[in-house]
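Undergrad: This one is input-v7.txt, compact mmCIF, C-alpha atoms (C1' of nucleotides).
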```txt
# COMPACT_ATOMS: atom_id res chain seq x y z
CA MET A 714 111.36 122.62 174.59
CA ILE A 715 111.73 120.18 177.45
CA GLU A 716 114.49 121.00 179.90
CA LEU A 717 116.90 118.27 178.92
CA THR A 718 117.22 115.79 181.74
CA ASP A 719 119.07 112.54 181.27
CA ALA A 720 115.80 110.67 180.97
CA SER A 721 114.39 112.97 178.32
CA ALA A 722 117.70 112.89 176.44
CA ASP A 723 117.32 109.14 176.26
CA LEU A 724 113.74 109.40 175.03
CA ILE A 725 114.63 111.96 172.39
CA SER A 726 117.61 110.00 171.18
CA ASP A 727 115.46 106.89 170.93
CA ARG A 728 113.15 108.70 168.57
CA PHE A 729 115.99 110.07 166.50
CA ARG A 730 117.57 106.63 166.36
CA ALA A 731 114.38 105.20 164.89
CA LEU A 732 114.84 107.63 161.99
CA ALA A 733 118.60 107.11 161.74
CA GLU A 734 118.27 104.25 159.31
CA PRO A 735 117.91 104.55 155.52
CA MET A 736 115.63 101.56 155.30
CA ARG A 737 113.20 102.97 157.84
CA LEU A 738 113.17 106.32 156.05
CA ARG A 739 112.34 104.54 152.81
CA LEU A 740 109.54 102.67 154.54
CA LEU A 741 108.08 105.90 155.87
CA HIS A 742 108.48 107.49 152.46
CA ASN A 743 106.53 104.68 150.82
CA LEU A 744 103.84 105.02 153.45
CA ARG A 745 103.34 108.66 152.58
CA LYS A 746 100.87 107.77 149.86
CA GLY A 747 98.79 105.58 152.14
CA GLU A 748 98.48 102.27 153.85
CA LEU A 749 100.68 99.37 152.71
CA SER A 750 101.14 95.81 153.86
CA VAL A 751 104.42 94.38 155.08
CA GLY A 752 104.81 92.34 151.91
CA GLU A 753 104.14 95.29 149.64
CA LEU A 754 106.65 97.39 151.55
CA ALA A 755 109.23 94.61 151.33
CA GLU A 756 108.78 94.53 147.57
CA ARG A 757 109.04 98.28 147.19
CA VAL A 758 112.17 98.71 149.24
CA GLY A 759 113.74 95.49 147.99
CA ALA A 760 114.35 93.91 151.36
CA GLY A 761 113.48 90.70 153.13
CA GLN A 762 110.08 90.46 154.77
CA ALA A 763 111.42 89.67 158.23
CA ASN A 764 113.77 92.59 157.97
CA VAL A 765 110.99 94.97 156.99
CA SER A 766 108.81 93.62 159.79
CA LYS A 767 111.48 94.36 162.36
CA HIS A 768 112.03 97.87 161.07
CA LEU A 769 108.29 98.46 161.24
CA GLN A 770 108.35 97.32 164.85
CA VAL A 771 110.89 100.00 165.63
CA LEU A 772 108.82 102.68 163.92
CA PHE A 773 105.72 101.39 165.70
CA GLN A 774 107.37 101.42 169.11
CA GLN A 775 108.28 105.05 168.59
CA GLY A 776 104.77 105.87 167.45
CA PHE A 777 105.71 106.90 163.93
CA VAL A 778 103.43 104.31 162.32
CA GLU A 779 100.17 102.62 163.23
CA ARG A 780 98.94 99.21 162.10
CA ARG A 781 95.71 97.44 161.35
CA LYS A 782 95.26 93.74 160.90
CA ALA A 783 92.90 92.47 158.22
CA GLY A 784 92.95 88.73 157.91
CA THR A 785 96.53 87.59 157.52
CA THR A 786 97.88 90.87 156.31
CA THR A 787 98.95 93.79 158.48
CA TRP A 788 98.47 97.27 157.06
CA TYR A 789 100.82 99.98 158.21
CA ARG A 790 100.29 103.71 157.94
CA VAL A 791 102.02 106.84 159.14
CA ALA A 792 100.75 107.82 162.57
CA ASP A 793 102.76 110.94 163.25
CA PRO A 794 102.90 113.45 160.38
CA ALA A 795 105.59 115.28 162.33
CA VAL A 796 108.04 112.77 160.92
CA PHE A 797 107.80 114.52 157.56
CA GLU A 798 108.43 117.87 159.15
CA LEU A 799 111.48 116.35 160.78
CA CYS A 800 112.72 115.11 157.42
CA SER A 801 112.06 118.48 155.84
CA LEU A 802 114.11 120.23 158.48
CA VAL A 803 116.91 117.76 158.03
CA CYS A 804 116.71 117.99 154.25
CA GLY A 805 117.05 121.75 154.51
CA GLY A 806 120.36 121.29 156.22
CA ILE A 807 121.60 118.75 153.75
CA GLU A 808 122.21 121.13 150.89
CA ASP A 809 124.09 123.39 153.26
CA GLU A 810 126.13 120.43 154.34
CA LEU A 811 126.94 119.44 150.78
CA ASP A 812 128.14 122.97 150.11
CA ARG A 813 130.19 122.84 153.27
CA ARG A 814 131.77 119.56 152.24
CA ARG A 815 132.77 121.04 148.92
CA GLN A 816 134.39 123.88 150.84
CA LEU A 817 136.30 121.39 152.93
CA LEU A 818 137.60 119.66 149.82
CA ARG A 819 139.16 122.90 148.60
CA PRO A 820 142.69 123.77 149.67
CA ARG A 821 142.15 126.02 152.64
CA ARG A 822 145.49 127.82 152.87
CA GLY A 823 144.41 130.76 150.71
CA MET B 681 110.68 117.49 150.74
CA ILE B 682 113.33 115.81 148.64
CA GLU B 683 112.16 112.85 146.62
CA LEU B 684 113.77 110.13 148.67
CA THR B 685 116.48 108.44 146.64
CA ASP B 686 118.82 105.93 148.23
CA ALA B 687 121.56 108.53 148.42
CA SER B 688 119.39 111.12 150.13
CA ALA B 689 118.05 108.49 152.52
CA ASP B 690 121.64 107.85 153.55
CA LEU B 691 122.32 111.55 154.02
CA ILE B 692 119.17 112.09 156.04
CA SER B 693 119.81 109.06 158.22
CA ASP B 694 123.35 110.27 158.84
CA ARG B 695 121.98 113.50 160.23
CA PHE B 696 119.41 111.75 162.36
CA ARG B 697 122.08 109.37 163.62
CA ALA B 698 124.16 112.30 164.80
CA LEU B 699 121.25 113.27 167.04
CA ALA B 700 120.45 109.71 168.08
CA GLU B 701 122.79 109.83 171.04
CA PRO B 702 121.95 111.21 174.51
CA MET B 703 125.45 112.55 175.06
CA ARG B 704 125.36 114.57 171.86
CA LEU B 705 121.94 115.95 172.73
CA ARG B 706 123.29 117.04 176.10
CA LEU B 707 126.25 118.70 174.39
CA LEU B 708 123.95 120.59 172.07
CA HIS B 709 121.74 121.52 174.99
CA ASN B 710 124.69 122.98 176.88
CA LEU B 711 125.73 124.90 173.80
CA ARG B 712 122.35 126.59 173.63
CA LYS B 713 123.51 129.30 176.00
CA GLY B 714 126.62 130.08 173.97
CA GLU B 715 130.11 129.02 173.09
CA LEU B 716 131.87 126.47 175.28
CA SER B 717 135.24 124.77 175.14
CA VAL B 718 135.71 121.02 174.97
CA GLY B 719 136.92 120.90 178.56
CA GLU B 720 133.99 122.92 179.84
CA LEU B 721 131.57 120.69 177.99
CA ALA B 722 133.27 117.60 179.37
CA GLU B 723 132.81 118.94 182.90
CA ARG B 724 129.17 119.84 182.37
CA VAL B 725 128.12 116.54 180.88
CA GLY B 726 130.38 114.52 183.17
CA ALA B 727 132.25 112.69 180.44
CA GLY B 728 135.84 112.17 179.43
CA GLN B 729 137.57 114.74 177.26
CA ALA B 730 138.34 112.33 174.44
CA ASN B 731 134.77 111.13 174.42
CA VAL B 732 133.37 114.65 174.22
CA SER B 733 135.83 115.58 171.51
CA LYS B 734 134.76 112.64 169.41
CA HIS B 735 131.07 113.43 169.82
CA LEU B 736 131.75 117.02 168.81
CA GLN B 737 133.45 115.75 165.67
CA VAL B 738 130.27 113.94 164.73
CA LEU B 739 128.14 117.03 165.32
CA PHE B 740 130.65 119.10 163.38
CA GLN B 741 130.72 116.74 160.43
CA GLN B 742 126.94 116.98 160.20
CA GLY B 743 127.10 120.75 160.43
CA PHE B 744 125.21 121.04 163.71
CA VAL B 745 128.08 122.86 165.44
CA GLU B 746 130.86 125.21 164.38
CA ARG B 747 134.22 125.70 166.06
CA ARG B 748 136.81 128.38 166.62
CA LYS B 749 140.32 127.82 167.83
CA ALA B 750 141.84 130.31 170.25
CA GLY B 751 145.25 129.23 171.42
CA THR B 752 145.06 125.71 172.69
CA THR B 753 141.33 125.75 173.34
CA THR B 754 138.63 125.05 170.80
CA TRP B 755 135.33 126.81 171.25
CA TYR B 756 132.23 125.12 169.94
CA ARG B 757 128.88 126.73 169.18
CA VAL B 758 125.60 125.68 167.61
CA ALA B 759 125.71 126.25 163.86
CA ASP B 760 122.25 125.10 162.84
CA PRO B 761 119.39 126.37 165.00
CA ALA B 762 117.15 123.90 163.18
CA VAL B 763 118.45 121.29 165.58
CA PHE B 764 116.29 122.79 168.31
CA GLU B 765 113.24 122.75 166.08
CA LEU B 766 113.99 119.09 165.45
CA CYS B 767 114.13 118.43 169.18
CA SER B 768 110.92 120.35 169.72
CA LEU B 769 109.10 118.28 167.15
CA VAL B 770 110.45 115.10 168.71
CA CYS B 771 109.59 116.28 172.19
CA GLY B 772 106.06 116.95 171.05
CA GLY B 773 105.77 113.32 170.07
CA ILE B 774 107.21 112.06 173.29
CA GLU B 775 104.25 112.87 175.49
CA ASP B 776 102.00 111.25 172.94
CA GLU B 777 104.24 108.22 173.00
CA LEU B 778 104.18 108.03 176.77
CA ASP B 779 100.40 108.14 176.68
CA ARG B 780 100.41 105.44 174.06
CA ARG B 781 102.71 103.26 176.15
CA ARG B 782 100.36 103.59 179.09
CA GLN B 783 97.57 102.47 176.79
CA LEU B 784 99.59 99.45 175.76
CA LEU B 785 100.14 98.48 179.37
CA ARG B 786 96.41 98.30 179.92
CA PRO B 787 94.58 95.06 179.14
CA ARG B 788 93.26 95.60 175.65
CA ARG B 789 90.52 93.01 175.49
CA GLY B 790 87.73 95.37 176.52
C1' DT C 912 164.53 124.24 173.98
C1' DG C 913 161.70 122.19 177.45
C1' DC C 914 157.36 122.00 180.21
C1' DG C 915 152.41 122.24 180.97
C1' DT C 916 147.81 122.63 179.03
C1' DA C 917 143.98 121.74 175.68
C1' DT C 918 142.46 119.16 172.03
C1' DA C 919 142.57 115.51 168.62
C1' DT C 920 143.64 110.82 167.32
C1' DT C 921 144.47 105.82 167.75
C1' DC C 922 143.72 101.37 169.75
C1' DC C 923 140.93 98.37 172.32
C1' DT C 924 136.72 96.22 174.48
C1' DA C 925 131.83 95.67 175.33
C1' DG C 926 127.32 96.34 173.81
C1' DA C 927 123.92 97.38 170.23
C1' DT C 928 121.87 96.51 165.78
C1' DA C 929 121.00 95.37 160.72
C1' DG C 930 120.37 91.53 157.92
C1' DT C 931 119.65 86.59 156.95
C1' DT C 932 117.70 82.12 157.91
C1' DG C 933 114.48 79.05 159.78
C1' DA C 934 110.71 78.15 162.81
C1' DA C 935 106.30 79.54 165.05
C1' DT C 936 101.78 81.88 164.88
C1' DA C 937 97.38 83.22 162.84
C1' DG C 938 93.89 83.51 159.39
C1' DC C 939 91.66 81.73 154.93
C1' DG C 940 89.88 78.11 151.71
C1' DG C 941 89.24 73.30 150.78
C1' DC D 1005 91.69 68.94 159.87
C1' DC D 1006 95.02 70.13 156.12
C1' DG D 1007 97.44 73.02 153.16
C1' DC D 1008 98.50 77.87 151.86
C1' DT D 1009 99.74 82.61 152.83
C1' DA D 1010 101.22 86.63 155.58
C1' DT D 1011 103.47 87.97 159.46
C1' DT D 1012 106.14 87.65 163.55
C1' DC D 1013 109.69 85.63 166.49
C1' DA D 1014 114.21 83.50 167.62
C1' DA D 1015 118.99 82.56 166.72
C1' DC D 1016 123.11 83.69 164.41
C1' DT D 1017 126.69 86.59 162.14
C1' DA D 1018 128.81 90.77 160.76
C1' DT D 1019 129.21 95.46 161.39
C1' DC D 1020 129.11 99.64 163.94
C1' DT D 1021 129.90 102.56 167.81
C1' DA D 1022 130.31 104.48 172.67
C1' DG D 1023 133.60 104.77 176.02
C1' DG D 1024 138.17 104.61 178.19
C1' DA D 1025 143.33 104.62 178.07
C1' DA D 1026 147.24 105.98 175.95
C1' DT D 1027 149.44 108.70 172.56
C1' DA D 1028 150.04 112.54 169.36
C1' DT D 1029 149.61 117.31 168.11
C1' DA D 1030 149.46 122.18 168.81
C1' DC D 1031 149.96 126.23 171.52
C1' DG D 1032 151.69 129.32 175.28
C1' DC D 1033 155.23 130.36 178.41
C1' DA D 1034 159.64 130.62 180.65
```
Now, as a test, write the supplied structure out as structure tokens.

TA:
Amino acid sequence: MIELTDASADLISDRFRALAEPMRLRLLHNLRKGELSVGELAERVGAGQANVSKHLQVLFQQGFVERRKAGTTTWYRVADPAVFELCSLVCGGIEDELDRRRQLLRPRRG
Amino acid sequence: MIELTDASADLISDRFRALAEPMRLRLLHNLRKGELSVGELAERVGAGQANVSKHLQVLFQQGFVERRKAGTTTWYRVADPAVFELCSLVCGGIEDELDRRRQLLRPRRG
DNA sequence: TGCGTATATTCCTAGATAGTTGAATAGCGG
DNA sequence: CCGCTATTCAACTATCTAGGAATATACGCA
């Protein structure tokens, strides 16, 4: 692990921020099965095309997706498989967190 | 990996968002070595006490840290070691991304 | 009780960002 | 060249959040 300087903290947080958005996670999830165009992604996630395009820019800037232009359409694909490992790690914690929230809902003065 | 429903996408993004903040990454980094109080953390990261307290709430809500009250001081510690695996994965991508950015800065019409 | 300390909470402001809309760009077919 | 399509870009609004200041709460001590 990098010794956390201010600069590297910024870089790391930038990458986390790119994943801190449900829409972008859905885009990545749809791209798991293979390449998709912007329009196809917009249909699948039920969002506007411009919106999807901007989200894809963010993922591209962080290197999570790559793109390939063919004629008028742009095909996006996952570039960094580590993103799925990241999600798996986070998903592992989610069930724990749900359990913990249920604990918090209980009266605690027992 | 969880089949990504809208609800789970929200949960996952919430967890990523908790890490998408340099200050919170620095807090977690300082907590690697062991328990620290809010005041100690505020000194180390050079931030206000209220600010640090609020960031710790976010990390606590997402289950990344635990806390223990002793008198008037609250001691925080890392609860989920997976957070460091997450950072490692992200750090691994950062050097790749830096290389990629250097590529982008080059004239590409070769 | 009253004071000092440590933490949490509330209010406020400035900056960031998601989403929409409309325009601009680029390729394809006539 | 002209329309058509897919994508990107720019402007705008609404929402969110980091940070600071002030306040509230809780604890220890005399």

Undergrad: Identify, on the basis of only C-alpha atoms (C1' of nucleotides), every residue whose closest approach to region 920-937 of chain C does not exceed 12 Å; exclude the query and any residue fewer than 3 positions from it along the same chain; express the result as a PyMOL selection string.

TA: (chain A and resi 730-731+733-737+760-768+771+782-787) or (chain B and resi 730-731+733-734+737) or (chain D and resi 1009-1029)

Undergrad: So that I have them on file, write out the residues from the current selection with C-alpha atoms (C1' of nucleotides), as a PDB file, in the frame of the given file.

TA:
```pdb
ATOM      1  CA  ARG A 730     117.570 106.630 166.360  1.00  0.00           C
ATOM      2  CA  ALA A 731     114.380 105.200 164.890  1.00  0.00           C
ATOM      3  CA  ALA A 733     118.600 107.110 161.740  1.00  0.00           C
ATOM      4  CA  GLU A 734     118.270 104.250 159.310  1.00  0.00           C
ATOM      5  CA  PRO A 735     117.910 104.550 155.520  1.00  0.00           C
ATOM      6  CA  MET A 736     115.630 101.560 155.300  1.00  0.00           C
ATOM      7  CA  ARG A 737     113.200 102.970 157.840  1.00  0.00           C
ATOM      8  CA  ALA A 760     114.350  93.910 151.360  1.00  0.00           C
ATOM      9  CA  GLY A 761     113.480  90.700 153.130  1.00  0.00           C
ATOM     10  CA  GLN A 762     110.080  90.460 154.770  1.00  0.00           C
ATOM     11  CA  ALA A 763     111.420  89.670 158.230  1.00  0.00           C
ATOM     12  CA  ASN A 764     113.770  92.590 157.970  1.00  0.00           C
ATOM     13  CA  VAL A 765     110.990  94.970 156.990  1.00  0.00           C
ATOM     14  CA  SER A 766     108.810  93.620 159.790  1.00  0.00           C
ATOM     15  CA  LYS A 767     111.480  94.360 162.360  1.00  0.00           C
ATOM     16  CA  HIS A 768     112.030  97.870 161.070  1.00  0.00           C
ATOM     17  CA  VAL A 771     110.890 100.000 165.630  1.00  0.00           C
ATOM     18  CA  LYS A 782      95.260  93.740 160.900  1.00  0.00           C
ATOM     19  CA  ALA A 783      92.900  92.470 158.220  1.00  0.00           C
ATOM     20  CA  GLY A 784      92.950  88.730 157.910  1.00  0.00           C
ATOM     21  CA  THR A 785      96.530  87.590 157.520  1.00  0.00           C
ATOM     22  CA  THR A 786      97.880  90.870 156.310  1.00  0.00           C
ATOM     23  CA  THR A 787      98.950  93.790 158.480  1.00  0.00           C
TER      24      THR A 787
ATOM     25  CA  ALA B 730     138.340 112.330 174.440  1.00  0.00           C
ATOM     26  CA  ASN B 731     134.770 111.130 174.420  1.00  0.00           C
ATOM     27  CA  SER B 733     135.830 115.580 171.510  1.00  0.00           C
ATOM     28  CA  LYS B 734     134.760 112.640 169.410  1.00  0.00           C
ATOM     29  CA  GLN B 737     133.450 115.750 165.670  1.00  0.00           C
TER      30      GLN B 737
ATOM     31  C1'  DT D1009      99.740  82.610 152.830  1.00  0.00           C
ATOM     32  C1'  DA D1010     101.220  86.630 155.580  1.00  0.00           C
ATOM     33  C1'  DT D1011     103.470  87.970 159.460  1.00  0.00           C
ATOM     34  C1'  DT D1012     106.140  87.650 163.550  1.00  0.00           C
ATOM     35  C1'  DC D1013     109.690  85.630 166.490  1.00  0.00           C
ATOM     36  C1'  DA D1014     114.210  83.500 167.620  1.00  0.00           C
ATOM     37  C1'  DA D1015     118.990  82.560 166.720  1.00  0.00           C
ATOM     38  C1'  DC D1016     123.110  83.690 164.410  1.00  0.00           C
ATOM     39  C1'  DT D1017     126.690  86.590 162.140  1.00  0.00           C
ATOM     40  C1'  DA D1018     128.810  90.770 160.760  1.00  0.00           C
ATOM     41  C1'  DT D1019     129.210  95.460 161.390  1.00  0.00           C
ATOM     42  C1'  DC D1020     129.110  99.640 163.940  1.00  0.00           C
ATOM     43  C1'  DT D1021     129.900 102.560 167.810  1.00  0.00           C
ATOM     44  C1'  DA D1022     130.310 104.480 172.670  1.00  0.00           C
ATOM     45  C1'  DG D1023     133.600 104.770 176.020  1.00  0.00           C
ATOM     46  C1'  DG D1024     138.170 104.610 178.190  1.00  0.00           C
ATOM     47  C1'  DA D1025     143.330 104.620 178.070  1.00  0.00           C
ATOM     48  C1'  DA D1026     147.240 105.980 175.950  1.00  0.00           C
ATOM     49  C1'  DT D1027     149.440 108.700 172.560  1.00  0.00           C
ATOM     50  C1'  DA D1028     150.040 112.540 169.360  1.00  0.00           C
ATOM     51  C1'  DT D1029     149.610 117.310 168.110  1.00  0.00           C
TER      52       DT D1029
END
```

Undergrad: Give me, please, the distance in Å between CA of Gly752 (chain A) and C1' of DG941 (chain C), quoted to one decimal.

TA: 24.6 Å

Undergrad: Mind pulling up the distance from CA of Val796 (chain A) to CA of Arg695 (chain B)?

TA: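 Separating CA of Arg695 (chain B) from CA of Val796 (chain A) is a distance of 14.0 Å.
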
Undergrad: Select, from A:Phe729, A:Arg780, A:Ala720, A:Trp788, the residue with the minimum atom-to-atom distance to chain B, counting all atoms listed in the file.

TA: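 Looking at the shortest contact to chain B, the residue is A:Phe729.
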
Undergrad: For a test of reading the model, state the distance in Å between C1' of DA917 (chain C) and CA of Asp719 (chain A), rounded to one decimal.

TA: 27.1 Å

Undergrad: Counting all atoms listed in the file, which residues in chain A sit no more than 7 Å from chain B? For each one, give the nearest pair of atoms and the distance in Å, sorted by chain then residue number, as CSV.

TA:
```
residue,atom,partner,partner_atom,distance
A:Met714,CA,B:Ser768,CA,5.4
A:Ile715,CA,B:Cys771,CA,6.9
A:Ala722,CA,B:Pro702,CA,5.0
A:Asp723,CA,B:Pro702,CA,5.4
A:Ile725,CA,B:Val770,CA,6.4
A:Ser726,CA,B:Ala700,CA,4.2
A:Asp727,CA,B:Ala700,CA,6.4
A:Arg728,CA,B:Val770,CA,6.9
A:Phe729,CA,B:Ala700,CA,4.7
A:Arg730,CA,B:Ala700,CA,4.6
A:Leu732,CA,B:Phe696,CA,6.2
A:Ala733,CA,B:Ser693,CA,4.2
A:Glu734,CA,B:Ser693,CA,5.2
A:Pro735,CA,B:Ala689,CA,5.0
A:Leu738,CA,B:Ala689,CA,6.4
A:Arg739,CA,B:Ala689,CA,6.9
A:Gln775,CA,B:Glu777,CA,6.8
A:Gly776,CA,B:Glu777,CA,6.1
A:Ala795,CA,B:Leu769,CA,6.7
A:Leu799,CA,B:Leu766,CA,6.0
A:Ser801,CA,B:Met681,CA,5.4
A:Leu802,CA,B:Ala762,CA,6.7
A:Val803,CA,B:Ile692,CA,6.4
A:Cys804,CA,B:Ile692,CA,6.6
A:Glu810,CA,B:Gly743,CA,6.2
```

Undergrad: Might you pull out every residue within 12 Å of Gly747 (chain A), with all atoms listed in the file counted and same-chain residues fewer than 5 positions away left off, and present them as a PyMOL selection string?

TA: chain A and resi 740-742+753-754+778-780+788-792

Undergrad: Write a file of the just-selected residues containing C-alpha atoms, as a PDB file, in the coordinates of the input.

TA:
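Once written, part37.pdb looks like this:
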```pdb
ATOM      1  CA  LEU A 740     109.540 102.670 154.540  1.00  0.00           C
ATOM      2  CA  LEU A 741     108.080 105.900 155.870  1.00  0.00           C
ATOM      3  CA  HIS A 742     108.480 107.490 152.460  1.00  0.00           C
ATOM      4  CA  GLU A 753     104.140  95.290 149.640  1.00  0.00           C
ATOM      5  CA  LEU A 754     106.650  97.390 151.550  1.00  0.00           C
ATOM      6  CA  VAL A 778     103.430 104.310 162.320  1.00  0.00           C
ATOM      7  CA  GLU A 779     100.170 102.620 163.230  1.00  0.00           C
ATOM      8  CA  ARG A 780      98.940  99.210 162.100  1.00  0.00           C
ATOM      9  CA  TRP A 788      98.470  97.270 157.060  1.00  0.00           C
ATOM     10  CA  TYR A 789     100.820  99.980 158.210  1.00  0.00           C
ATOM     11  CA  ARG A 790     100.290 103.710 157.940  1.00  0.00           C
ATOM     12  CA  VAL A 791     102.020 106.840 159.140  1.00  0.00           C
ATOM     13  CA  ALA A 792     100.750 107.820 162.570  1.00  0.00           C
TER      14      ALA A 792
END
```

Undergrad: Mind listing as a PDB file with C-alpha atoms (C1' of nucleotides), keeping the file's coordinate frame which residues of chain C are within 8 Å of chain B, counting all atoms listed in the file?

TA:
```pdb
ATOM      1  C1'  DT C 916     147.810 122.630 179.030  1.00  0.00           C
ATOM      2  C1'  DA C 917     143.980 121.740 175.680  1.00  0.00           C
ATOM      3  C1'  DT C 918     142.460 119.160 172.030  1.00  0.00           C
ATOM      4  C1'  DA C 919     142.570 115.510 168.620  1.00  0.00           C
TER       5       DA C 919
END
```

Undergrad: Give me the residues within 10 Å of DG915 (chain C) as a PyMOL selection string, counting only C-alpha atoms (C1' of nucleotides) and dropping any in the same chain fewer than 2 places off.

TA: (chain C and resi 913+917) or (chain D and resi 1032-1033)
